[in-house]
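Structure first, commentary second.
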Amino acid sequence: MKIVLALGSNLGDRFDTLQGALDSLFDSSELEFVAVSPVYETDPVGGPEQGPYLNVVVIASSTLEPRALLERALNVENVFGRVRAERWGPRTLDVDLIAVGDLTSDTPELTLPHPRAHERAFVLVPWAQIDPDAVLGGRGITELLADLDQTSVRLRPDLTLQRPE
């Protein structure tokens with residue numbers, strides 16, 4: 001199945017954290033790397049006042065069940081010191097499971113597709129760079145992007161993540 005993950009960081013060495021997270025996500029054969037977007041710097045959405053984020057979207061392939069994918073994402077966040085002190089607060093690393101094939105889930109632990117991805121330019125802009133024909137919730141992501149303000153999402157051409165080994 002095709003897996004879409006969104007990674008973000010706004011504390012510490014944001015770029016090194018994203019590279020480390022990318023490498024950690026793919027350190028076993030259970031998750032196969034397909035693509036990673038360019039790096040974008042973005043303004044925070046919601047929450048307390050905080051610094052800008054670096055964001056990327058990653059596409060992978062896997063036969064893992066969504067709960068196992070979520071556990072993997074949470075474990076990688078923990079490795080990089082993620083602290084859940086307040087909703088939408090600053091973080092060393094955020095790994096969101098955006099979509100797992102066409103699967104849907106609405107449990108307290110996991111909602112698929114991600115319930116706010118369709119309104120987040122910091123997810124859709126990078127995603128559109130690597131999969132412009134993608135569909136989320138029955139609508140194309142480029143169509144969804146047309147409804148969003150994208151001015152807070154700035155390409156960082158000076159930063160390029162390396163393919164995980």
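Following the order of the structure tokens, chains are lettered A, B, ..., residues in each are numbered from 1, and ligands are numbered from 1.
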
Report the closest atom pair, with its distance in Å rounded to one decimal, for each residue of stretch 13-94 of chain A that has an atom no farther than 6 Å from stretch 146-155 of chain A; count only C-alpha atoms, sort by chain and then rising residue number, and write it as JSON lines.
{"residue": "A:Tyr40", "atom": "CA", "partner": "A:Leu155", "partner_atom": "CA", "distance": 4.4}
{"residue": "A:Glu41", "atom": "CA", "partner": "A:Arg154", "partner_atom": "CA", "distance": 5.2}
{"residue": "A:Thr42", "atom": "CA", "partner": "A:Val153", "partner_atom": "CA", "distance": 4.7}
{"residue": "A:Asp43", "atom": "CA", "partner": "A:Ser152", "partner_atom": "CA", "distance": 5.5}

- Go through chain A and collect every residue that DSSP, computed from the backbone, puts in strand (DSSP E or B); the answer should be as a ChimeraX atom specification. /A:2-9,31-36,40-42,53-62,94-100,105-106,111-112,135-136,139-140,153-155

Can you tell me which residues surround A:Val135 at a distance of at most 10 Å, considering only C-alpha atoms, apart from same-chain residues fewer than 4 positions away, and format the answer as a tab-separated table (two decimals) with C-alpha atoms, in the first residue's frame?
chain	number	residue	atom	x	y	z
A	99	ALA	CA	-2.93	8.37	4.28
A	102	ASP	CA	-7.57	4.21	0.49
A	118	HIS	CA	-6.91	18.77	3.40
A	131	ASP	CA	2.74	13.22	-6.29
A	139	ARG	CA	-10.45	15.34	-4.19
A	140	GLY	CA	-7.15	15.90	-5.95
A	141	ILE	CA	-4.55	17.56	-3.76
A	142	THR	CA	-3.86	20.22	-6.39
A	143	GLU	CA	-7.58	21.03	-6.33
A	144	LEU	CA	-7.49	21.22	-2.53

- Nearest-residue call for A:Gly12, choices A:Val57, A:Leu93, A:Val76, A:Val39, using only C-alpha atoms: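 Using only C-alpha atoms, A:Gly12 sits closest to A:Leu93.
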
- Which residue of A:Pro44, A:Leu54, A:Pro66, A:Glu49 approaches A:Leu161 most closely, using only C-alpha atoms: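 Of A:Pro44, A:Leu54, A:Pro66, A:Glu49, the one nearest A:Leu161 is A:Leu54, counting only C-alpha atoms.
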
- Task: Skip stretch 13-28 of chain A itself and residues of its chain fewer than 2 positions away, then list as an MDAnalysis selection string all residues within 8 Å of it, counting only C-alpha atoms.
- Result: chainID A and resid 7:11 30:33 53:54 72:73 76:77 80 92:93 159 161:165

- Query: What residues in stretch 96-140 of chain A get the DSSP label alpha helix (DSSP H)? Please answer as a ChimeraX atom specification.
  - Reply: /A:121-130
